[in-house]
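Have a look at the structure below before the remarks.
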Amino acid sequence: MQAAQRGDRDAFKTLFERYHRRAYALAFGVVRHQDDALDVVQDAFIKAHKYLDRFEGNSSFYTWLYRIVMNLAIDHLRKHRKVKPVELDETRLENDGDDPLLPRILGGNPGRALQDKQLRARIDQALDQLSENHRSVLVMRELEGLSYEEMAQAMSCSKGTIMSRLFHARRNMQKRLLDLIDNPSAELVDDLLGKRADPEADEAAAASQDEAPAKRVPARSRS
Amino acid sequence: MTERRISRPLPRTTSDVELMEHADGELAEAEVAIRLDREPDARAKVDAVRELGELVRGHLELSADAVHDARFAAMWRRIDSEIEVPASGLWARVTGWFDRHRGHVVTGVVSAGAVAALALILRPGGPDGAGVGRGPISVQPVAMRAAPEIDALDTPGGSSTVINLDDEDGHTTVIWVSPADIVEGI
(Lines give C-alpha, C1' and ligand atoms only; values in the text may rest on other atoms or scores of the structure.)
Protein backbone atom coordinates (compact mmCIF):
# COMPACT_ATOMS: atom_id res chain seq x y z
CA MET A 1 0.00 0.00 0.00
CA GLN A 2 2.78 2.43 0.94
CA ALA A 3 4.65 1.57 -2.23
CA ALA A 4 1.49 2.23 -4.26
CA GLN A 5 1.13 5.57 -2.51
CA ARG A 6 4.67 6.43 -3.58
CA GLY A 7 3.65 5.84 -7.18
CA ASP A 8 4.82 2.26 -7.60
CA ARG A 9 2.55 0.98 -10.35
CA ASP A 10 3.45 -2.65 -9.75
CA ALA A 11 2.35 -2.26 -6.16
CA PHE A 12 -0.95 -0.79 -7.29
CA LYS A 13 -1.36 -3.64 -9.74
CA THR A 14 -0.88 -6.06 -6.85
CA LEU A 15 -3.74 -4.35 -5.02
CA PHE A 16 -5.86 -4.64 -8.14
CA GLU A 17 -5.11 -8.32 -8.53
CA ARG A 18 -5.90 -8.97 -4.90
CA TYR A 19 -9.26 -7.24 -4.76
CA HIS A 20 -10.76 -6.90 -8.23
CA ARG A 21 -13.07 -9.93 -8.05
CA ARG A 22 -14.28 -9.08 -4.59
CA ALA A 23 -14.99 -5.54 -5.71
CA TYR A 24 -16.75 -6.91 -8.75
CA ALA A 25 -19.00 -9.14 -6.63
CA LEU A 26 -20.07 -6.07 -4.66
CA ALA A 27 -20.67 -3.96 -7.75
CA PHE A 28 -22.51 -6.75 -9.54
CA GLY A 29 -24.72 -7.32 -6.52
CA VAL A 30 -25.83 -3.69 -6.66
CA VAL A 31 -25.98 -2.82 -10.37
CA ARG A 32 -26.99 -6.33 -11.56
CA HIS A 33 -25.33 -6.13 -14.97
CA GLN A 34 -21.93 -7.56 -15.81
CA ASP A 35 -20.66 -4.76 -18.07
CA ASP A 36 -21.94 -2.06 -15.73
CA ALA A 37 -20.31 -3.78 -12.77
CA LEU A 38 -17.01 -4.00 -14.64
CA ASP A 39 -17.24 -0.27 -15.43
CA VAL A 40 -17.88 0.50 -11.78
CA VAL A 41 -14.89 -1.54 -10.64
CA GLN A 42 -12.64 0.06 -13.25
CA ASP A 43 -13.72 3.55 -12.24
CA ALA A 44 -13.30 2.65 -8.58
CA PHE A 45 -9.67 1.60 -9.03
CA ILE A 46 -8.91 4.71 -11.09
CA LYS A 47 -10.48 6.87 -8.40
CA ALA A 48 -8.68 4.97 -5.66
CA HIS A 49 -5.36 5.59 -7.44
CA LYS A 50 -6.15 9.26 -7.89
CA TYR A 51 -6.77 9.72 -4.18
CA LEU A 52 -4.22 7.26 -2.81
CA ASP A 53 -2.46 10.08 -1.00
CA ARG A 54 -5.63 10.68 1.02
CA PHE A 55 -5.70 7.12 2.32
CA GLU A 56 -4.38 7.34 5.86
CA GLY A 57 -4.24 3.66 6.65
CA ASN A 58 -6.82 3.75 9.45
CA SER A 59 -8.68 0.92 7.74
CA SER A 60 -7.70 -1.74 5.26
CA PHE A 61 -7.31 -0.80 1.63
CA TYR A 62 -10.31 -2.95 0.76
CA THR A 63 -12.51 -1.20 3.33
CA TRP A 64 -11.59 2.05 1.65
CA LEU A 65 -12.07 0.57 -1.80
CA TYR A 66 -15.50 -0.94 -1.14
CA ARG A 67 -16.78 2.46 -0.07
CA ILE A 68 -15.67 3.85 -3.40
CA VAL A 69 -17.22 0.89 -5.24
CA MET A 70 -20.45 1.24 -3.31
CA ASN A 71 -20.69 4.98 -3.97
CA LEU A 72 -20.01 4.53 -7.66
CA ALA A 73 -22.49 1.67 -7.90
CA ILE A 74 -25.22 3.73 -6.27
CA ASP A 75 -24.33 6.71 -8.48
CA HIS A 76 -24.53 4.43 -11.49
CA LEU A 77 -28.01 3.30 -10.53
CA ARG A 78 -29.14 6.89 -10.04
CA LYS A 79 -27.75 8.00 -13.39
CA HIS A 80 -29.33 5.16 -15.30
CA ARG A 81 -32.58 5.09 -13.42
CA LYS A 82 -35.59 5.14 -15.72
CA VAL A 83 -38.30 5.05 -13.10
CA LYS A 84 -38.10 6.78 -9.76
CA PRO A 85 -38.21 4.08 -7.10
CA VAL A 86 -40.91 4.16 -4.48
CA GLU A 87 -39.92 2.89 -1.08
CA LEU A 88 -43.03 1.99 0.86
CA ASP A 89 -41.32 0.39 3.80
CA GLU A 90 -38.53 2.79 4.63
CA THR A 91 -39.33 3.44 8.25
CA ARG A 92 -42.28 1.19 9.01
CA LEU A 93 -41.35 -1.80 11.10
CA GLU A 94 -44.25 -1.89 13.54
CA ASN A 95 -46.58 -4.07 11.47
CA ASP A 96 -44.06 -6.60 10.39
CA GLY A 97 -45.83 -9.25 12.40
CA ASP A 98 -48.37 -9.32 9.58
CA ASP A 99 -45.70 -10.31 7.12
CA PRO A 100 -43.09 -12.17 9.05
CA LEU A 101 -39.78 -13.72 8.24
CA LEU A 102 -40.09 -17.28 7.09
CA PRO A 103 -38.75 -20.09 9.23
CA ARG A 104 -37.93 -22.19 6.16
CA ILE A 105 -34.46 -23.23 5.26
CA LEU A 106 -32.91 -25.25 2.47
CA GLY A 107 -31.67 -28.02 4.68
CA GLY A 108 -28.93 -25.86 6.11
CA ASN A 109 -26.58 -26.49 3.24
CA PRO A 110 -26.52 -23.40 1.02
CA GLY A 111 -23.23 -24.49 -0.49
CA ARG A 112 -24.83 -27.51 -2.08
CA ALA A 113 -28.01 -25.60 -2.91
CA LEU A 114 -25.97 -23.10 -4.95
CA GLN A 115 -24.99 -25.87 -7.34
CA ASP A 116 -28.55 -25.79 -8.61
CA LYS A 117 -28.89 -23.55 -11.67
CA GLN A 118 -32.59 -23.05 -11.09
CA LEU A 119 -31.98 -21.76 -7.59
CA ARG A 120 -29.24 -19.44 -8.74
CA ALA A 121 -31.42 -18.08 -11.53
CA ARG A 122 -34.12 -17.50 -8.97
CA ILE A 123 -31.74 -15.67 -6.66
CA ASP A 124 -30.78 -13.47 -9.61
CA GLN A 125 -34.43 -12.72 -10.33
CA ALA A 126 -35.17 -12.02 -6.69
CA LEU A 127 -32.23 -9.62 -6.43
CA ASP A 128 -33.33 -7.88 -9.63
CA GLN A 129 -36.81 -7.37 -8.23
CA LEU A 130 -35.66 -5.74 -5.03
CA SER A 131 -35.58 -1.96 -4.95
CA GLU A 132 -32.15 -0.38 -5.32
CA ASN A 133 -31.95 0.59 -1.67
CA HIS A 134 -33.12 -2.77 -0.38
CA ARG A 135 -30.70 -4.59 -2.64
CA SER A 136 -27.77 -2.32 -1.75
CA VAL A 137 -28.28 -2.87 1.97
CA LEU A 138 -28.69 -6.62 1.54
CA VAL A 139 -25.51 -6.89 -0.54
CA MET A 140 -23.49 -4.74 1.86
CA ARG A 141 -24.62 -6.84 4.79
CA GLU A 142 -24.28 -10.30 3.26
CA LEU A 143 -21.17 -9.75 1.17
CA GLU A 144 -19.19 -7.37 3.36
CA GLY A 145 -20.71 -8.04 6.78
CA LEU A 146 -21.19 -4.37 7.54
CA SER A 147 -22.89 -3.43 10.79
CA TYR A 148 -26.13 -1.45 10.72
CA GLU A 149 -24.24 1.63 11.83
CA GLU A 150 -21.63 1.27 9.09
CA MET A 151 -24.35 0.81 6.48
CA ALA A 152 -26.20 3.87 7.79
CA GLN A 153 -23.02 5.91 7.32
CA ALA A 154 -22.41 4.48 3.88
CA MET A 155 -25.94 5.26 2.71
CA SER A 156 -26.34 8.52 4.62
CA CYS A 157 -29.51 7.46 6.38
CA SER A 158 -30.61 6.43 9.85
CA LYS A 159 -29.91 3.07 11.41
CA GLY A 160 -33.65 2.48 11.63
CA THR A 161 -33.97 2.95 7.89
CA ILE A 162 -31.18 0.44 7.33
CA MET A 163 -32.93 -2.09 9.57
CA SER A 164 -36.18 -1.58 7.73
CA ARG A 165 -34.58 -1.95 4.31
CA LEU A 166 -32.70 -5.04 5.36
CA PHE A 167 -35.75 -6.65 6.92
CA HIS A 168 -37.91 -6.11 3.88
CA ALA A 169 -35.15 -7.14 1.51
CA ARG A 170 -34.74 -10.43 3.31
CA ARG A 171 -38.44 -11.07 3.61
CA ASN A 172 -38.98 -10.35 -0.09
CA MET A 173 -36.09 -12.60 -1.04
CA GLN A 174 -37.58 -15.37 1.07
CA LYS A 175 -40.98 -14.93 -0.56
CA ARG A 176 -39.50 -15.16 -4.04
CA LEU A 177 -37.58 -18.28 -3.18
CA LEU A 178 -40.48 -19.79 -1.27
CA ASP A 179 -41.86 -22.06 -3.97
CA LEU A 180 -38.40 -23.47 -4.53
CA ILE A 181 -38.14 -24.14 -0.81
CA ASP A 182 -41.61 -25.67 -0.53
CA ASN A 183 -41.54 -27.48 -3.86
CA PRO A 184 -37.92 -28.06 -4.72
CA SER A 185 -37.05 -29.56 -8.06
CA ALA A 186 -35.69 -33.09 -8.14
CA GLU A 187 -32.30 -31.67 -9.04
CA LEU A 188 -32.34 -29.30 -6.07
CA VAL A 189 -33.32 -32.12 -3.74
CA ASP A 190 -30.45 -34.17 -5.10
CA ASP A 191 -28.10 -31.23 -4.61
CA LEU A 192 -29.26 -30.71 -1.07
CA LEU A 193 -28.89 -34.37 -0.27
CA GLY A 194 -25.49 -34.46 -1.90
CA LYS A 195 -26.55 -37.00 -4.48
CA ARG A 196 -25.64 -34.80 -7.42
CA ALA A 197 -22.29 -33.29 -6.78
CA ASP A 198 -21.87 -31.44 -10.07
CA PRO A 199 -25.00 -30.68 -12.08
CA GLU A 200 -22.97 -29.76 -15.15
CA ALA A 201 -21.36 -33.15 -15.16
CA ASP A 202 -24.63 -35.08 -14.99
CA GLU A 203 -24.32 -36.70 -18.36
CA ALA A 204 -20.75 -37.72 -17.82
CA ALA A 205 -21.59 -38.97 -14.37
CA ALA A 206 -24.53 -40.98 -15.69
CA ALA A 207 -22.32 -42.51 -18.33
CA SER A 208 -19.52 -43.43 -16.03
CA GLN A 209 -21.60 -44.00 -12.89
CA ASP A 210 -18.86 -42.19 -11.06
CA GLU A 211 -19.66 -39.32 -8.77
CA ALA A 212 -17.81 -36.15 -9.61
CA PRO A 213 -16.13 -34.18 -6.82
CA ALA A 214 -18.23 -31.49 -5.21
CA LYS A 215 -17.80 -27.92 -6.33
CA ARG A 216 -16.25 -25.60 -3.84
CA VAL A 217 -18.37 -22.71 -2.76
CA PRO A 218 -16.20 -19.72 -2.01
CA ALA A 219 -16.09 -18.52 1.55
CA ARG A 220 -14.15 -15.32 1.68
CA SER A 221 -13.44 -13.51 4.85
CA ARG A 222 -15.59 -10.50 5.53
CA SER A 223 -13.00 -8.19 6.92
CA MET B 1 -16.38 -5.56 9.97
CA THR B 2 -17.05 -4.58 13.53
CA GLU B 3 -20.37 -5.74 14.86
CA ARG B 4 -22.02 -3.66 17.53
CA ARG B 5 -24.26 -5.29 20.09
CA ILE B 6 -26.93 -3.34 21.92
CA SER B 7 -28.33 -4.63 25.17
CA ARG B 8 -31.93 -3.73 25.86
CA PRO B 9 -34.99 -5.40 27.40
CA LEU B 10 -36.80 -7.70 25.00
CA PRO B 11 -40.59 -8.03 24.84
CA ARG B 12 -42.28 -11.22 25.98
CA THR B 13 -42.25 -12.61 22.45
CA THR B 14 -39.24 -11.89 20.37
CA SER B 15 -40.20 -9.94 17.27
CA ASP B 16 -38.94 -10.83 13.81
CA VAL B 17 -36.96 -7.61 13.66
CA GLU B 18 -35.17 -8.55 16.84
CA LEU B 19 -34.54 -12.01 15.50
CA MET B 20 -32.94 -10.40 12.48
CA GLU B 21 -30.83 -8.16 14.71
CA HIS B 22 -29.77 -11.23 16.66
CA ALA B 23 -28.87 -13.08 13.48
CA ASP B 24 -26.75 -10.10 12.45
CA GLY B 25 -24.99 -9.91 15.82
CA GLU B 26 -26.56 -6.56 16.68
CA LEU B 27 -28.30 -7.70 19.86
CA ALA B 28 -26.85 -9.10 23.06
CA GLU B 29 -26.53 -12.84 22.52
CA ALA B 30 -27.43 -14.10 26.00
CA GLU B 31 -30.85 -12.49 26.27
CA VAL B 32 -32.04 -13.72 22.91
CA ALA B 33 -30.52 -17.15 23.31
CA ILE B 34 -32.82 -17.86 26.27
CA ARG B 35 -35.83 -16.85 24.20
CA LEU B 36 -34.74 -18.94 21.26
CA ASP B 37 -34.57 -22.03 23.44
CA ARG B 38 -38.25 -21.55 24.23
CA GLU B 39 -39.29 -20.58 20.71
CA PRO B 40 -38.39 -23.20 18.09
CA ASP B 41 -40.04 -21.15 15.37
CA ALA B 42 -37.86 -18.18 16.28
CA ARG B 43 -34.75 -20.35 16.12
CA ALA B 44 -35.76 -21.50 12.63
CA LYS B 45 -36.22 -17.89 11.53
CA VAL B 46 -32.75 -16.94 12.73
CA ASP B 47 -31.31 -19.94 10.89
CA ALA B 48 -33.26 -18.95 7.78
CA VAL B 49 -31.90 -15.40 7.87
CA ARG B 50 -28.35 -16.71 8.13
CA GLU B 51 -28.91 -19.25 5.37
CA LEU B 52 -30.32 -16.60 3.06
CA GLY B 53 -27.19 -14.58 3.71
CA GLU B 54 -25.03 -17.54 2.74
CA LEU B 55 -27.04 -18.01 -0.44
CA VAL B 56 -26.73 -14.37 -1.49
CA ARG B 57 -23.04 -14.19 -0.65
CA GLY B 58 -22.20 -17.50 -2.30
CA HIS B 59 -24.21 -16.62 -5.38
CA LEU B 60 -22.47 -13.24 -5.84
CA GLU B 61 -19.02 -14.72 -5.28
CA LEU B 62 -19.70 -17.47 -7.79
CA SER B 63 -20.92 -14.82 -10.23
CA ALA B 64 -17.64 -12.95 -9.77
CA ASP B 65 -15.63 -16.13 -10.25
CA ALA B 66 -17.49 -16.75 -13.52
CA VAL B 67 -16.13 -13.58 -15.14
CA HIS B 68 -13.30 -14.54 -17.45
CA ASP B 69 -9.79 -13.45 -16.49
CA ALA B 70 -9.43 -11.73 -19.86
CA ARG B 71 -12.09 -9.19 -18.89
CA PHE B 72 -10.13 -8.18 -15.82
CA ALA B 73 -6.85 -8.20 -17.73
CA ALA B 74 -8.38 -5.78 -20.22
CA MET B 75 -9.69 -3.72 -17.32
CA TRP B 76 -6.22 -3.45 -15.82
CA ARG B 77 -4.79 -2.28 -19.15
CA ARG B 78 -7.38 0.49 -19.27
CA ILE B 79 -6.70 1.44 -15.65
CA ASP B 80 -2.97 1.38 -16.28
CA SER B 81 -3.28 3.71 -19.26
CA GLU B 82 -5.70 5.93 -17.38
CA ILE B 83 -3.50 6.45 -14.35
CA GLU B 84 -0.50 7.35 -16.53
CA VAL B 85 -1.29 11.04 -16.54
CA PRO B 86 0.93 13.09 -18.85
CA ALA B 87 3.10 15.39 -16.82
CA SER B 88 2.51 19.11 -16.96
CA GLY B 89 4.75 21.87 -15.73
CA LEU B 90 8.49 21.98 -15.43
CA TRP B 91 8.78 20.14 -12.14
CA ALA B 92 6.45 17.33 -13.25
CA ARG B 93 8.45 16.95 -16.46
CA VAL B 94 11.67 16.82 -14.51
CA THR B 95 10.42 14.23 -12.03
CA GLY B 96 8.93 12.15 -14.82
CA TRP B 97 12.14 12.31 -16.79
CA PHE B 98 14.16 11.42 -13.72
CA ASP B 99 11.93 8.44 -12.91
CA ARG B 100 12.42 7.12 -16.41
CA HIS B 101 16.17 7.74 -16.55
CA ARG B 102 17.26 7.34 -12.97
CA GLY B 103 19.69 4.53 -13.76
CA HIS B 104 21.18 6.28 -16.79
CA VAL B 105 21.71 9.52 -14.86
CA VAL B 106 23.56 7.78 -12.07
CA THR B 107 25.67 5.88 -14.60
CA GLY B 108 26.37 9.11 -16.48
CA VAL B 109 27.52 10.94 -13.37
CA VAL B 110 29.82 8.09 -12.44
CA SER B 111 31.22 7.89 -15.99
CA ALA B 112 31.81 11.64 -16.12
CA GLY B 113 33.64 11.42 -12.81
CA ALA B 114 35.82 8.60 -14.10
CA VAL B 115 36.69 10.49 -17.26
CA ALA B 116 37.60 13.58 -15.24
CA ALA B 117 39.85 11.51 -12.99
CA LEU B 118 41.56 9.92 -15.99
CA ALA B 119 42.08 13.32 -17.58
CA LEU B 120 43.71 14.53 -14.38
CA ILE B 121 46.06 11.55 -14.23
CA LEU B 122 46.96 11.45 -17.91
CA ARG B 123 47.44 15.16 -18.54
CA PRO B 124 50.88 16.26 -19.90
CA GLY B 125 53.66 16.52 -17.38
CA GLY B 126 55.35 14.17 -14.97
CA PRO B 127 54.39 13.31 -11.47
CA ASP B 128 56.85 15.89 -10.16
CA GLY B 129 54.95 18.63 -11.79
CA ALA B 130 57.37 19.04 -14.68
CA GLY B 131 55.61 20.24 -17.72
CA VAL B 132 53.09 22.13 -15.69
CA GLY B 133 53.34 25.91 -15.67
CA ARG B 134 56.16 26.09 -18.22
CA GLY B 135 55.19 29.45 -19.47
CA PRO B 136 52.66 32.20 -19.17
CA ILE B 137 49.21 31.20 -20.16
CA SER B 138 47.29 33.62 -22.19
CA VAL B 139 43.76 33.86 -20.82
CA GLN B 140 41.20 35.55 -23.01
CA PRO B 141 38.03 36.88 -21.34
CA VAL B 142 34.92 35.32 -22.84
CA ALA B 143 31.38 36.50 -22.30
CA MET B 144 29.44 33.49 -20.91
CA ARG B 145 25.64 33.54 -21.08
CA ALA B 146 25.17 30.17 -19.43
CA ALA B 147 24.91 29.97 -15.65
CA PRO B 148 27.70 28.18 -13.83
CA GLU B 149 27.00 24.49 -14.03
CA ILE B 150 26.95 22.11 -11.07
CA ASP B 151 27.46 18.56 -12.17
CA ALA B 152 27.30 16.69 -8.89
CA LEU B 153 26.87 17.19 -5.17
CA ASP B 154 28.07 15.26 -2.19
CA THR B 155 24.98 14.51 -0.07
CA PRO B 156 25.72 12.31 2.98
CA GLY B 157 22.80 10.02 3.85
CA GLY B 158 21.40 10.05 0.36
CA SER B 159 22.13 10.53 -3.28
CA SER B 160 21.87 13.56 -5.47
CA THR B 161 21.62 14.25 -9.14
CA VAL B 162 21.99 17.53 -10.94
CA ILE B 163 19.98 18.08 -14.08
CA ASN B 164 20.70 21.01 -16.37
CA LEU B 165 17.88 21.87 -18.71
CA ASP B 166 17.80 24.30 -21.60
CA ASP B 167 14.43 25.29 -22.93
CA GLU B 168 12.59 28.33 -24.21
CA ASP B 169 12.68 29.84 -20.71
CA GLY B 170 16.45 29.69 -20.54
CA HIS B 171 18.72 27.52 -18.49
CA THR B 172 17.44 25.69 -15.43
CA THR B 173 19.41 23.60 -12.99
CA VAL B 174 17.53 21.09 -10.89
CA ILE B 175 19.17 19.39 -7.94
CA TRP B 176 17.44 16.12 -7.06
CA VAL B 177 18.21 14.72 -3.62
CA SER B 178 16.87 11.30 -2.54
CA PRO B 179 17.17 10.08 1.05
CA ALA B 180 18.91 6.75 1.32
CA ASP B 181 16.06 5.01 3.17
CA ILE B 182 13.62 4.83 0.25
CA VAL B 183 12.53 1.23 -0.26
CA GLU B 184 10.98 0.26 -3.55
CA GLY B 185 8.29 -2.36 -3.81
CA ILE B 186 6.01 -3.81 -1.20
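Residue names in the C-alpha coordinates use chain letters A, B, ... in the order shown, residue numbers from 1 in each chain, and ligand numbers from 1 in the order shown.
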Pull the closest atom pair for each residue of chain B that gets at most 9 Å from chain A, along with the distance in Å to one decimal, counting only C-alpha atoms, ordering rows by chain and then ascending residue number, as a Markdown table.
```
| residue | atom | partner | partner_atom | distance |
| --- | --- | --- | --- | --- |
| B:Met1 | CA | A:Ser223 | CA | 5.3 |
| B:Thr2 | CA | A:Ser147 | CA | 6.6 |
| B:Glu3 | CA | A:Ser147 | CA | 5.3 |
| B:Arg4 | CA | A:Ser147 | CA | 6.8 |
| B:Ser15 | CA | A:Gly97 | CA | 7.5 |
| B:Asp16 | CA | A:Leu101 | CA | 6.3 |
| B:Val17 | CA | A:Phe167 | CA | 6.9 |
| B:Met20 | CA | A:Phe167 | CA | 7.3 |
| B:Glu21 | CA | A:Met163 | CA | 8.2 |
| B:Asp24 | CA | A:Ser147 | CA | 7.9 |
| B:Gly25 | CA | A:Ser147 | CA | 8.5 |
| B:Glu26 | CA | A:Ser147 | CA | 7.6 |
| B:Asp41 | CA | A:Pro103 | CA | 6.4 |
| B:Ala42 | CA | A:Pro103 | CA | 7.4 |
| B:Arg43 | CA | A:Pro103 | CA | 8.0 |
| B:Ala44 | CA | A:Pro103 | CA | 4.7 |
| B:Lys45 | CA | A:Pro103 | CA | 4.1 |
| B:Val46 | CA | A:Pro103 | CA | 7.6 |
| B:Asp47 | CA | A:Ile105 | CA | 7.2 |
| B:Ala48 | CA | A:Ile105 | CA | 5.1 |
| B:Val49 | CA | A:Arg170 | CA | 7.3 |
| B:Glu51 | CA | A:Pro110 | CA | 6.5 |
| B:Leu52 | CA | A:Arg170 | CA | 7.6 |
| B:Gly53 | CA | A:Glu142 | CA | 5.2 |
| B:Glu54 | CA | A:Pro110 | CA | 6.3 |
| B:Leu55 | CA | A:Pro110 | CA | 5.6 |
| B:Val56 | CA | A:Glu142 | CA | 6.7 |
| B:Arg57 | CA | A:Leu143 | CA | 5.1 |
| B:Gly58 | CA | A:Pro218 | CA | 6.4 |
| B:His59 | CA | A:Arg120 | CA | 6.7 |
| B:Leu60 | CA | A:Ala25 | CA | 5.4 |
| B:Glu61 | CA | A:Ala25 | CA | 5.7 |
| B:Leu62 | CA | A:Pro218 | CA | 7.1 |
| B:Ser63 | CA | A:Ala25 | CA | 7.0 |
| B:Ala64 | CA | A:Ala25 | CA | 5.1 |
| B:Asp65 | CA | A:Arg21 | CA | 7.1 |
| B:Val67 | CA | A:Gln34 | CA | 8.4 |
| B:Arg71 | CA | A:Leu38 | CA | 8.3 |
| B:Phe72 | CA | A:His20 | CA | 7.7 |
| B:Met75 | CA | A:Gln42 | CA | 6.3 |
| B:Trp76 | CA | A:Gln42 | CA | 7.8 |
| B:Arg78 | CA | A:Gln42 | CA | 8.0 |
| B:Ile79 | CA | A:Ile46 | CA | 6.0 |
| B:Asp80 | CA | A:Arg9 | CA | 8.1 |
| B:Glu82 | CA | A:Ile46 | CA | 7.2 |
| B:Ile83 | CA | A:Ile46 | CA | 6.6 |
| B:Val183 | CA | A:Ala3 | CA | 8.1 |
| B:Glu184 | CA | A:Ala3 | CA | 6.6 |
| B:Gly185 | CA | A:Ala3 | CA | 5.6 |
| B:Ile186 | CA | A:Ala3 | CA | 5.6 |
```
To one decimal in Å, tell me the separation between CA of Ala37 in chain A and CA of Lys117 in chain A. 21.6 Å
Which residues are near range 74-76 of chain A? Cut-off 10 Å, only C-alpha atoms, ignore same chain within fewer than 5 positions. Put them as a PyMOL selection string. chain A and resi 27+30-31+36-37+39-40+68-69+81+132-133+136+155
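Take CA of Ala152 in chain A and CA of His134 in chain A: the distance between them is 12.6 Å.
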